[in-house]
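**Student:** Supplied in structure tokens, the structure appears directly below.
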Amino acid sequence: MTDFIQLAYLVATALFIFSLHWMNNPKTARKSVYAGVLAMTLAVAATWSRPDVVHHLWIIGAIAVGFIVGVPLSRVALTAVPQRTALSHAFGGLAAGLVGVAKFYLWTSEGPEQLTTFRVSAIVAEVLLGFLTFTGSLMAAGKLQELKWIPQRPVTYPGQNVVNIGLLLTALGLGVWLVLNPTGPASGLLFPAIIVMSLAFGVLLIIPIGGADMPTVISILNSYAGLSAVAMGFVLDNSLLITAGALDGSSGLILSIIMCRAMNRSFVNVLFGAFGKVQAAKAGGEAKVYKEETIEGAAQILEQASSVVIIPGYGMAVAQAQHRTRELYDQLTKRGISVKFAIHPVAGRMPGHMNVLLSEADIPYTDQIGMDDINPDMHQCDVAIVIGANDVVNPAARYDKSTPIFGMPIIDADKAKTVFAIKRSKNPGFAGIDNELYFADRTFMLFGDAKAVVGDLVKQLSGAQSGH
Amino acid sequence: MTDFIQLAYLVATALFIFSLHWMNNPKTARKSVYAGVLAMTLAVAATWSRPDVVHHLWIIGAIAVGFIVGVPLSRVALTAVPQRTALSHAFGGLAAGLVGVAKFYLWTSEGPEQLTTFRVSAIVAEVLLGFLTFTGSLMAAGKLQELKWIPQRPVTYPGQNVVNIGLLLTALGLGVWLVLNPTGPASGLLFPAIIVMSLAFGVLLIIPIGGADMPTVISILNSYAGLSAVAMGFVLDNSLLITAGALDGSSGLILSIIMCRAMNRSFVNVLFGAFGKVQAAKAGGEAKVYKEETIEGAAQILEQASSVVIIPGYGMAVAQAQHRTRELYDQLTKRGISVKFAIHPVAGRMPGHMNVLLSEADIPYTDQIGMDDINPDMHQCDVAIVIGANDVVNPAARYDKSTPIFGMPIIDADKAKTVFAIKRSKNPGFAGIDNELYFADRTFMLFGDAKAVVGDLVKQLSGAQSGH
Amino acid sequence: MTRILKIGFIFAFVAVVAIGLSAASKQAQQQAEDTTVVQLEAPDVHPVPDTDYWSLVFVFLLSTFIGVGVVARVSRLLHTPLMSLTNAISAIAVVGSIIVTGSDFPEDIRILGAIALFASVTNIVSGFLITDRMLKMFKATRKEVEQP
Amino acid sequence: MTRILKIGFIFAFVAVVAIGLSAASKQAQQQAEDTTVVQLEAPDVHPVPDTDYWSLVFVFLLSTFIGVGVVARVSRLLHTPLMSLTNAISAIAVVGSIIVTGSDFPEDIRILGAIALFASVTNIVSGFLITDRMLKMFKATRKEVEQP
Ligand SMILES: NC(=O)c1ccc[n+]([C@@H]2O[C@H](COP(=O)([O-])OP(=O)(O)OC[C@H]3O[C@@H](n4cnc5c(N)ncnc54)[C@H](OP(=O)(O)O)[C@@H]3O)[C@@H](O)[C@H]2O)c1
Ligand SMILES: NC(=O)c1ccc[n+]([C@@H]2O[C@H](COP(=O)([O-])OP(=O)(O)OC[C@H]3O[C@@H](n4cnc5c(N)ncnc54)[C@H](OP(=O)(O)O)[C@@H]3O)[C@@H](O)[C@H]2O)c1
């Protein structure tokens, strides 16, 4: 490769690092995208300029199709972001896998001496990771999109883990064999076998995991997609691919660690625990007594408050209630009431889910406070409004060892002087357990769809004001 | 190189990174040394195991001499740490330079085709950086040790900067020539010429810089020593050298940036500003009126205080007063008085100088508070005791644009209810300007050597207590 | 003093390890006469250039350190856009796809490349666009407070 | 929509840059027929192995990022020990010194190596020892409060 190309790759590497670095602050975050686009442009231009790249029409064609599909994919509703991300990982895995396959057959046809131990090992890693990411992510996307022909509930059967791990080990074993005998008589058969096993493993890995655990799984798949790019870097002797892949890999790893920690669960538990199913069984508990409040009463109490904390959860996302919530925020701040949002790290169904929705509704991020920062002040809060959140405010996490959420840090809504909880029914949340916050003395339920209830509150408040 | 050796280098690289990482907290810092020693041991062992390394006796001999010199060098008094560091940079530069020279002559003797453009460029960089670091650091060490035959005051003459930069550019020009004609007839002459120029440049660079600016210069030389190790890594095709050198290089760079920022000066100003000299001229100002206080009076006021902040500076280091200061701290805390130390980033003569001295005297680091953290609380402080600090508490930095310290952040000693200032005379500090803090209403001077004055205070306080 | 002894001990240990490694590496060298050690001193006449894979492993190690350090400091507010940004970045596989698609390889191999290229470009385009779309929403202050 | 245009424009720009770089690189390739591009496809018969210096440059770039990131987070309390620690770490030049001292080179060259080795070991030993000595002093709490 010429020095020009390498220099371009070097600059692209630095830009990718800056791109991630600037994400440490919403103020500089927009620069991230520009740095990323510039880096990618440089990488594409430099590669395209290689003297051995001659079929320009093919490239232009593929890029054009990529644009045609990519642009609409970027305009999905924000609630569909998780499945878009999963689909994208599927594409990334597919690309890595296909390039690995192409390189293998290319070197095979060029002669056995091309298939050095190092290259074959890298190709096997690339193909394994790539194809399992491909099918795994497709499955995950399907579950999140709630496609009919993909079972939402975890599908389990006895000995499942043995089968899955056995399949993975077999594929790895075949890989090692291929590395040792890259041009042996069986290699023409071994390589496709590895591909098929990897594709199958991706599907089998996801089947036993409930739809609600998908965000963590997606993050792990993100990691795999990055690692397959790293493997491609080893195959192609390209440092840029290795760096960009490693950045992606560590990002996926860290996000899944954050999620697991905030849920007080382990990787193994997520991947092999069939979490959703066990909990579903627990769902039907004995009904305790809730206190309800009317919209009028709630509005009156809110008007008396001087500090309000709103705790949004998955329910706000489902109900698309963020814009109504913004109106509530406006009504309250107009009265001089201090309104903050308390954001739990795993509120909703992906990390940062609430922040994107609230920001979409034009609520300044300076009022979106993280759990650790707002908890110390919760006892000074006059009214806490829980909008469609459940597990993330469940005090059982503090002491009840028998619950699946034991040990998970929560937002201390129960320390507020009054709590309003908005949900549709008496059903439990994601973890499938009753929430004693709802039975507490100072808690009043506002049953109904979040969008409707918050909308009514807003109407009541604005009506009250015009009546003044 | 075999895979064993490369693996050892890889592990060493990771350990070096962890070593620096663990310095982010005094609790984990001891691990830094272990990681560093382990990494270095691995690197030495792996290199020694190379099949082409055969003269073991020579190696053992050199290592033994290194130990004999190194161990006593590590037992110097803490006040001599700056010159030890400088000496050590000199050694580092020398080692890098010599290896570069050896490699050049080796490849020359092996034939012209060994001297590729890349290798010669790397060698020139290594030799230039190595030898200028060598003489520059020796000069710096001499100035700091206050050797008689090295002038302490900056030596300047007209056109000095032109001469220095001209010399550097000539050396660089010769280097480029050598890169283009590595085996030309002149190369036997060019290479030694570059060495001599680099040695000379190191001396000339330091001559115009005052002894008091040496800490910043040492940090910059630290950077150069690291970069020469990086260049050696390029010469020897060794990633471990590159990484370790780059870590060292960035550390020197960052420390000098921190110092320059805390002094509100620029690199250029430090290197070419001949700071000390200009200020010396300003030193004799008109004498204003100081209020003095007796030891007895000061002790009485101290006993009434409930919160005391001690602000140590260069004078405490010179007087070796840290142990007496610890006794003062003991006397005060015994009375239930809260005592904190306020540490300015450039108090003393090297970054972290005060922290090492106070820690040596067994003062817990949790009571050593950085400037930014203590300033907001200074107005609640009953008594501030300034022990041999001057510039770092000079309020002129806030508004007097004519002073060299204008814009430098200071410790807000003047906000305390009472200030005691301990110094020997009415002379100004490093920056050579009067300090109006000393004339303020609430400031009382305790003239004398810091060790003696603090000792007297302690005696007074302990006497007062036993007399109770 | 004990410390000096300790360090002395460590260096004695070094010597032992060195001898062991030395023996091991000499053996390894004999097994593979044409590895990089020789390459450094003597011309390499083996037809396949030995990828300098250790450099690549170093690059991987260092990048992972950077990745972990940088991502751990990403603002909690931005974890959703972070997912789509890294998504786009991992589409750097576009480099390999272009090489396979555009080189003068057999057509069946280039078809694989073209599919990979399409997939990568899709990720690049949709990843960056949606990240930007989300980041645009994050504001420190309200522009105007509308009446509901 | 403007965004789509913008991105489209960027990719058009890519194509132009690509063509330019392509021309430049083809020319560069003709100038140096035996550079690495060829090496990747065909055996290299040049006697001096071309150091894969771009990998080394990558390593340098990444290490610098790590260095800046890590050092900027070092506790302010520990800046003096930091200086002596990095001092010891930069004595990694010991690697080159050992090679030059211990290899079967002419004696005058090995003498240079031995001096370098001595200097490096001095730095290693004194650097780590003094760092440890200083770090031992930093304590979060007093052991016992002695009476003066
Ligand atoms: N964020 C992540 O990255 C992530 C990843 C994996 C798992 N999780 C898990 O997801 C859970 C998140 O906790 P969470 O408190 O946000 O949600 P949650 O525990 O799932 O509770 C959501 C609540 O919203 C209510 N709700 C649903 N639709 C509603 C609507 N249209 N209007 C009003 N209310 C509605 C539901 O009650 P009704 O049915 O009675 O209305 C439910 O109690 C945690 O258990 C977490 O571990 C999160
Ligand atoms: N820390 C760094 O990294 C670094 C690097 C480069 C430059 N500097 C510069 O160094 C200065 C440091 O400020 P600073 O406030 O610590 O020191 P300073 O401004 O130099 O003042 C030290 C004071 O201590 C007094 N003193 C000297 N010996 C004494 C003794 N034996 N007993 C009692 N008092 C004694 C001196 O007054 P008398 O002579 O009257 O006693 C002097 O006023 C800053 O200007 C900074 O920019 C620091």
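Letters A, B, ... go to the chains of the structure tokens in the order shown; residues in each chain start at 1; ligands are counted from 1 in the same order.
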Residues of chain B near chain D: apply a cut-off of 6 Å, count only C-alpha atoms, and supply the list as JSON, numbers by chain.
**Tutor:** {"B": [21, 23, 24, 25, 52, 53, 54, 55, 62, 63, 66, 67, 70, 71, 73, 74, 88, 91, 95, 98, 102, 226, 229, 242, 243, 245, 246, 247, 248, 250, 251, 351, 352, 355, 359, 360, 364, 365, 366]}
**Student:** Neighbouring residues of ligand 1 are defined here as those with any atom at most 6 Å from a ligand atom, counting only C-alpha atoms and all ligand atoms; list them as number ranges by chain.
**Tutor:** A: 212-213, 215-216, 259, 263, 313-315, 318-319, 346-351, 388-392, 422-431, 449-450
**Student:** Deliver the residues from the most recent selection as a file, using N, CA and C atoms, as an mmCIF file, in the first residue's frame.
**Tutor:**
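Saved the output as again.cif:
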```cif
data_model
loop_
_atom_site.group_PDB
_atom_site.id
_atom_site.type_symbol
_atom_site.label_atom_id
_atom_site.label_comp_id
_atom_site.auth_asym_id
_atom_site.auth_seq_id
_atom_site.Cartn_x
_atom_site.Cartn_y
_atom_site.Cartn_z
ATOM 1 N N ALA A 212 -37.494 -8.948 26.288
ATOM 2 C CA ALA A 212 -37.126 -7.826 27.140
ATOM 3 C C ALA A 212 -35.648 -7.826 27.478
ATOM 4 N N ASP A 213 -34.980 -8.945 27.295
ATOM 5 C CA ASP A 213 -33.542 -8.980 27.555
ATOM 6 C C ASP A 213 -32.743 -8.585 26.327
ATOM 7 N N PRO A 215 -32.042 -5.806 24.776
ATOM 8 C CA PRO A 215 -31.068 -4.694 24.761
ATOM 9 C C PRO A 215 -29.667 -5.140 25.174
ATOM 10 N N THR A 216 -29.582 -5.941 26.229
ATOM 11 C CA THR A 216 -28.277 -6.412 26.664
ATOM 12 C C THR A 216 -27.659 -7.303 25.593
ATOM 13 N N MET A 259 -25.364 -2.152 31.718
ATOM 14 C CA MET A 259 -26.738 -2.649 31.855
ATOM 15 C C MET A 259 -26.805 -3.768 32.884
ATOM 16 N N MET A 263 -28.810 -3.742 36.468
ATOM 17 C CA MET A 263 -29.879 -4.693 36.744
ATOM 18 C C MET A 263 -29.435 -5.715 37.781
ATOM 19 N N GLY A 313 -40.391 5.918 32.799
ATOM 20 C CA GLY A 313 -39.962 4.545 32.594
ATOM 21 C C GLY A 313 -40.478 4.035 31.271
ATOM 22 N N TYR A 314 -40.400 2.733 31.119
ATOM 23 C CA TYR A 314 -40.774 2.112 29.853
ATOM 24 C C TYR A 314 -42.179 2.503 29.418
ATOM 25 N N GLY A 315 -43.069 2.659 30.387
ATOM 26 C CA GLY A 315 -44.446 3.011 30.062
ATOM 27 C C GLY A 315 -44.567 4.338 29.316
ATOM 28 N N VAL A 318 -43.748 3.484 25.736
ATOM 29 C CA VAL A 318 -44.817 2.747 25.063
ATOM 30 C C VAL A 318 -45.964 3.677 24.703
ATOM 31 N N ALA A 319 -46.319 4.552 25.671
ATOM 32 C CA ALA A 319 -47.463 5.431 25.455
ATOM 33 C C ALA A 319 -47.100 6.631 24.583
ATOM 34 N N VAL A 346 -31.209 1.955 33.520
ATOM 35 C CA VAL A 346 -31.907 1.014 32.638
ATOM 36 C C VAL A 346 -33.411 1.269 32.572
ATOM 37 N N ALA A 347 -33.824 2.490 32.852
ATOM 38 C CA ALA A 347 -35.230 2.816 32.611
ATOM 39 C C ALA A 347 -35.477 2.662 31.123
ATOM 40 N N GLY A 348 -36.653 2.132 30.794
ATOM 41 C CA GLY A 348 -36.934 1.887 29.390
ATOM 42 C C GLY A 348 -36.332 0.575 28.932
ATOM 43 N N ARG A 349 -36.010 0.483 27.673
ATOM 44 C CA ARG A 349 -35.540 -0.794 27.146
ATOM 45 C C ARG A 349 -34.169 -0.713 26.479
ATOM 46 N N MET A 350 -33.514 0.434 26.556
ATOM 47 C CA MET A 350 -32.113 0.482 26.125
ATOM 48 C C MET A 350 -31.413 1.593 26.911
ATOM 49 N N PRO A 351 -30.090 1.563 27.012
ATOM 50 C CA PRO A 351 -29.405 2.582 27.801
ATOM 51 C C PRO A 351 -29.617 3.956 27.163
ATOM 52 N N GLY A 388 -45.072 5.529 34.162
ATOM 53 C CA GLY A 388 -44.791 4.265 33.478
ATOM 54 C C GLY A 388 -43.488 3.610 33.867
ATOM 55 N N ALA A 389 -42.959 3.941 35.049
ATOM 56 C CA ALA A 389 -41.781 3.224 35.544
ATOM 57 C C ALA A 389 -42.237 2.275 36.633
ATOM 58 N N ASN A 390 -41.508 1.203 36.804
ATOM 59 C CA ASN A 390 -41.941 0.252 37.815
ATOM 60 C C ASN A 390 -40.719 -0.336 38.542
ATOM 61 N N ASP A 391 -39.986 -1.217 37.876
ATOM 62 C CA ASP A 391 -38.861 -1.863 38.548
ATOM 63 C C ASP A 391 -37.849 -0.849 39.079
ATOM 64 N N VAL A 392 -37.645 0.225 38.337
ATOM 65 C CA VAL A 392 -36.564 1.135 38.702
ATOM 66 C C VAL A 392 -36.916 1.980 39.932
ATOM 67 N N ILE A 422 -48.346 6.721 37.601
ATOM 68 C CA ILE A 422 -49.223 6.596 36.443
ATOM 69 C C ILE A 422 -48.953 5.274 35.759
ATOM 70 N N LYS A 423 -49.908 4.407 35.717
ATOM 71 C CA LYS A 423 -49.821 3.178 34.929
ATOM 72 C C LYS A 423 -51.217 2.731 34.570
ATOM 73 N N ARG A 424 -51.303 1.711 33.671
ATOM 74 C CA ARG A 424 -52.607 1.374 33.145
ATOM 75 C C ARG A 424 -53.376 0.413 34.027
ATOM 76 N N SER A 425 -52.653 -0.426 34.787
ATOM 77 C CA SER A 425 -53.321 -1.552 35.463
ATOM 78 C C SER A 425 -52.558 -1.886 36.733
ATOM 79 N N LYS A 426 -52.921 -2.994 37.331
ATOM 80 C CA LYS A 426 -52.211 -3.455 38.518
ATOM 81 C C LYS A 426 -51.123 -4.463 38.162
ATOM 82 N N ASN A 427 -50.839 -4.564 36.875
ATOM 83 C CA ASN A 427 -49.817 -5.526 36.446
ATOM 84 C C ASN A 427 -48.428 -5.085 36.869
ATOM 85 N N PRO A 428 -47.566 -6.071 37.099
ATOM 86 C CA PRO A 428 -46.182 -5.712 37.436
ATOM 87 C C PRO A 428 -45.392 -5.305 36.191
ATOM 88 N N GLY A 429 -44.129 -4.887 36.398
ATOM 89 C CA GLY A 429 -43.275 -4.443 35.290
ATOM 90 C C GLY A 429 -42.456 -5.582 34.725
ATOM 91 N N PHE A 430 -41.363 -5.238 34.111
ATOM 92 C CA PHE A 430 -40.513 -6.172 33.389
ATOM 93 C C PHE A 430 -40.079 -7.344 34.265
ATOM 94 N N ALA A 431 -39.713 -7.060 35.535
ATOM 95 C CA ALA A 431 -39.194 -8.127 36.380
ATOM 96 C C ALA A 431 -40.306 -8.995 36.956
ATOM 97 N N ASP A 449 -53.687 5.182 30.583
ATOM 98 C CA ASP A 449 -52.571 5.301 29.666
ATOM 99 C C ASP A 449 -51.776 6.577 29.977
ATOM 100 N N ALA A 450 -50.474 6.470 29.972
ATOM 101 C CA ALA A 450 -49.633 7.585 30.391
ATOM 102 C C ALA A 450 -49.941 8.847 29.599
#
```
**Student:** How many Å lie between CA of Thr13 in chain A and CA of Met40 in chain A, rounded to one decimal?
**Tutor:**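 Computed distance, CA of Thr13 in chain A to CA of Met40 in chain A, equals 9.4 Å.
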**Student:** Write out as a PDB file with C-alpha atoms, in the first residue's frame which residues come within 10 Å of Phe104 in chain B when counting only C-alpha atoms, dropping same-chain ones fewer than 4 positions away.
**Tutor:**
```
ATOM      1  CA  LEU B  98      24.533   5.833  21.933  1.00  0.00           C
ATOM      2  CA  VAL B  99      22.296   3.068  20.645  1.00  0.00           C
ATOM      3  CA  GLY B 100      21.525   5.224  17.634  1.00  0.00           C
ATOM      4  CA  THR B 108      27.126   1.351   7.555  1.00  0.00           C
ATOM      5  CA  SER B 109      29.606  -1.460   7.925  1.00  0.00           C
ATOM      6  CA  GLU B 110      27.069  -4.035   6.791  1.00  0.00           C
ATOM      7  CA  GLN B 114      20.816  -1.475   5.190  1.00  0.00           C
ATOM      8  CA  LEU B 115      20.442   2.296   5.525  1.00  0.00           C
ATOM      9  CA  ARG B 119      15.912   3.851   9.275  1.00  0.00           C
ATOM     10  CA  VAL B 120      18.238   6.812   8.737  1.00  0.00           C
ATOM     11  CA  ILE B 123      18.380   7.293  13.700  1.00  0.00           C
ATOM     12  CA  VAL B 124      18.815  11.011  13.063  1.00  0.00           C
ATOM     13  CA  VAL B 127      20.535  10.893  17.987  1.00  0.00           C
ATOM     14  CA  PRO B 182      23.095   7.994   3.803  1.00  0.00           C
ATOM     15  CA  PHE B 191      26.951  12.061  11.335  1.00  0.00           C
ATOM     16  CA  VAL B 235      15.065   2.117  14.518  1.00  0.00           C
TER      17      VAL B 235
ATOM     18  CA  ILE D 109      30.186  -0.729  19.090  1.00  0.00           C
TER      19      ILE D 109
END
```
**Student:** One decimal, in Å: what's the spacing between CA of Cys260 in chain B and CA of Ile374 in chain B?
**Tutor:**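 Going from CA of Cys260 in chain B over to CA of Ile374 in chain B covers 21.2 Å.
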**Student:** Taking the DSSP assignment computed from this structure's backbone, write out as an NGL selection string all residues of range 45-133 of chain C that belong to alpha helix (DSSP H).
**Tutor:** :C and (53-72 or 79-90 or 94-102 or 107-133)
**Student:** Keeping C-alpha atoms for every residue in the selection just given, could you write it to a file as a PDB file, in the first residue's frame?
**Tutor:**
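Saved result, selection03.pdb, follows:
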```
ATOM      1  CA  TYR C  53       1.229  -9.853  12.906  1.00  0.00           C
ATOM      2  CA  TRP C  54       2.700  -8.842  16.227  1.00  0.00           C
ATOM      3  CA  SER C  55       2.438  -5.191  15.277  1.00  0.00           C
ATOM      4  CA  LEU C  56      -1.212  -5.805  14.548  1.00  0.00           C
ATOM      5  CA  VAL C  57      -1.661  -7.451  17.915  1.00  0.00           C
ATOM      6  CA  PHE C  58      -0.064  -4.402  19.545  1.00  0.00           C
ATOM      7  CA  VAL C  59      -2.446  -2.179  17.640  1.00  0.00           C
ATOM      8  CA  PHE C  60      -5.352  -4.284  18.884  1.00  0.00           C
ATOM      9  CA  LEU C  61      -4.189  -4.119  22.492  1.00  0.00           C
ATOM     10  CA  LEU C  62      -3.687  -0.368  22.389  1.00  0.00           C
ATOM     11  CA  SER C  63      -6.988   0.280  20.601  1.00  0.00           C
ATOM     12  CA  THR C  64      -8.844  -1.735  23.182  1.00  0.00           C
ATOM     13  CA  PHE C  65      -7.291   0.332  25.965  1.00  0.00           C
ATOM     14  CA  ILE C  66      -8.333   3.485  24.151  1.00  0.00           C
ATOM     15  CA  GLY C  67     -11.812   2.167  23.459  1.00  0.00           C
ATOM     16  CA  VAL C  68     -12.470   1.229  27.054  1.00  0.00           C
ATOM     17  CA  GLY C  69     -11.045   4.522  28.329  1.00  0.00           C
ATOM     18  CA  VAL C  70     -12.999   6.675  25.905  1.00  0.00           C
ATOM     19  CA  VAL C  71     -16.326   4.845  26.006  1.00  0.00           C
ATOM     20  CA  ALA C  72     -16.360   4.656  29.792  1.00  0.00           C
ATOM     21  CA  HIS C  79     -25.809   6.057  25.419  1.00  0.00           C
ATOM     22  CA  THR C  80     -28.449   5.537  22.769  1.00  0.00           C
ATOM     23  CA  PRO C  81     -26.710   7.718  20.160  1.00  0.00           C
ATOM     24  CA  LEU C  82     -23.437   6.051  21.194  1.00  0.00           C
ATOM     25  CA  MET C  83     -24.863   2.709  20.118  1.00  0.00           C
ATOM     26  CA  SER C  84     -25.722   3.966  16.666  1.00  0.00           C
ATOM     27  CA  LEU C  85     -22.427   5.856  16.325  1.00  0.00           C
ATOM     28  CA  THR C  86     -20.292   2.827  17.064  1.00  0.00           C
ATOM     29  CA  ASN C  87     -22.564   0.942  14.741  1.00  0.00           C
ATOM     30  CA  ALA C  88     -21.589   3.264  11.940  1.00  0.00           C
ATOM     31  CA  ILE C  89     -17.917   3.132  12.924  1.00  0.00           C
ATOM     32  CA  SER C  90     -17.851  -0.654  12.864  1.00  0.00           C
ATOM     33  CA  VAL C  94     -16.352  -1.160   4.038  1.00  0.00           C
ATOM     34  CA  VAL C  95     -12.585  -1.104   3.440  1.00  0.00           C
ATOM     35  CA  GLY C  96     -12.394  -4.843   2.988  1.00  0.00           C
ATOM     36  CA  SER C  97     -15.607  -4.853   0.970  1.00  0.00           C
ATOM     37  CA  ILE C  98     -14.278  -2.312  -1.532  1.00  0.00           C
ATOM     38  CA  ILE C  99     -11.083  -4.303  -2.036  1.00  0.00           C
ATOM     39  CA  VAL C 100     -12.975  -7.523  -2.671  1.00  0.00           C
ATOM     40  CA  THR C 101     -15.584  -5.865  -4.906  1.00  0.00           C
ATOM     41  CA  GLY C 102     -13.259  -3.717  -6.950  1.00  0.00           C
ATOM     42  CA  GLU C 107     -16.890 -12.679 -10.482  1.00  0.00           C
ATOM     43  CA  ASP C 108     -18.449 -14.971  -7.856  1.00  0.00           C
ATOM     44  CA  ILE C 109     -16.038 -13.604  -5.259  1.00  0.00           C
ATOM     45  CA  ARG C 110     -16.779 -10.048  -6.277  1.00  0.00           C
ATOM     46  CA  ILE C 111     -20.478 -10.669  -5.822  1.00  0.00           C
ATOM     47  CA  LEU C 112     -19.807 -11.564  -2.204  1.00  0.00           C
ATOM     48  CA  GLY C 113     -17.849  -8.326  -1.946  1.00  0.00           C
ATOM     49  CA  ALA C 114     -20.660  -6.287  -3.468  1.00  0.00           C
ATOM     50  CA  ILE C 115     -23.174  -7.654  -0.960  1.00  0.00           C
ATOM     51  CA  ALA C 116     -20.748  -6.846   1.857  1.00  0.00           C
ATOM     52  CA  LEU C 117     -20.210  -3.375   0.423  1.00  0.00           C
ATOM     53  CA  PHE C 118     -23.945  -2.763   0.213  1.00  0.00           C
ATOM     54  CA  ALA C 119     -24.377  -3.901   3.825  1.00  0.00           C
ATOM     55  CA  SER C 120     -21.523  -1.721   5.050  1.00  0.00           C
ATOM     56  CA  VAL C 121     -22.682   1.383   3.228  1.00  0.00           C
ATOM     57  CA  THR C 122     -26.183   0.879   4.576  1.00  0.00           C
ATOM     58  CA  ASN C 123     -24.746   0.865   8.076  1.00  0.00           C
ATOM     59  CA  ILE C 124     -22.588   3.907   7.462  1.00  0.00           C
ATOM     60  CA  VAL C 125     -25.412   5.967   6.005  1.00  0.00           C
ATOM     61  CA  SER C 126     -28.136   4.981   8.430  1.00  0.00           C
ATOM     62  CA  GLY C 127     -25.787   4.940  11.442  1.00  0.00           C
ATOM     63  CA  PHE C 128     -24.428   8.433  11.022  1.00  0.00           C
ATOM     64  CA  LEU C 129     -27.761   9.933   9.952  1.00  0.00           C
ATOM     65  CA  ILE C 130     -29.710   8.563  12.885  1.00  0.00           C
ATOM     66  CA  THR C 131     -26.961   9.494  15.348  1.00  0.00           C
ATOM     67  CA  ASP C 132     -27.022  13.029  14.076  1.00  0.00           C
ATOM     68  CA  ARG C 133     -30.795  13.071  14.208  1.00  0.00           C
TER      69      ARG C 133
END
```
**Student:** Leaving out Ala80 in chain B and any residue of its chain fewer than 5 positions from it, which residues lie within 9 Å of it when counting only C-alpha atoms, given as a ChimeraX atom specification?
**Tutor:** /B:85,144-145
**Student:** Those selected residues, please, written with C-alpha atoms and delivered as a compact mmCIF listing (two decimals), in the first residue's frame.
**Tutor:**
```txt
# COMPACT_ATOMS: atom_id res chain seq x y z
CA THR B 85 15.22 13.57 37.81
CA LEU B 144 19.40 22.85 40.30
CA GLN B 145 22.27 21.43 42.36
```
**Student:** Excluding Leu358 in chain B and residues on its chain fewer than 3 positions from it, collect all residues at most 10 Å away from it, counting only C-alpha atoms, and give them as a ChimeraX atom specification.
**Tutor:** /B:312,316-317,321-323,325-326,341,353-355,361-365,367-368 /D:137-138
**Student:** Could you list, as JSON, numbers by chain, every residue within 10 Å of range 406-409 of chain A, counting only C-alpha atoms and ignoring same-chain residues fewer than 6 positions away?
**Tutor:** {"A": [260, 261, 262, 263, 264, 265, 344, 345, 371, 372, 391, 392, 393, 394, 395, 396, 397, 398, 399, 400]}
**Student:** Could you give me, as a ChimeraX atom specification, the residues within 8 Å of Leu332 in chain B, counting only C-alpha atoms and dropping anything in the same chain fewer than 6 positions from it?
**Tutor:** /B:302-303,338-339
**Student:** Please produce an output containing N, CA, C and O atoms for each residue in the selection, written as a short mmCIF file (atom, residue, chain, number, x, y, z; two decimals), in the first residue's frame.
**Tutor:**
```cif
data_model
loop_
_atom_site.label_atom_id
_atom_site.label_comp_id
_atom_site.auth_asym_id
_atom_site.auth_seq_id
_atom_site.Cartn_x
_atom_site.Cartn_y
_atom_site.Cartn_z
N LEU B 302 -4.45 31.36 67.38
CA LEU B 302 -4.66 30.02 66.83
C LEU B 302 -5.53 29.18 67.75
O LEU B 302 -6.39 28.41 67.30
N GLU B 303 -5.31 29.32 69.04
CA GLU B 303 -6.09 28.50 69.99
C GLU B 303 -7.58 28.84 69.94
O GLU B 303 -8.41 28.02 70.31
N SER B 338 -10.04 22.10 63.11
CA SER B 338 -9.90 21.44 61.80
C SER B 338 -8.74 22.10 61.05
O SER B 338 -8.71 23.32 60.88
N VAL B 339 -7.77 21.29 60.63
CA VAL B 339 -6.60 21.82 59.91
C VAL B 339 -6.53 21.20 58.54
O VAL B 339 -6.54 19.97 58.40
#
```
**Student:** Quick one: pull the distance between CA of Ile207 in chain B and CA of Tyr157 in chain B, Å, one decimal.
**Tutor:**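 For CA of Ile207 in chain B relative to CA of Tyr157 in chain B, the distance reads 10.5 Å.
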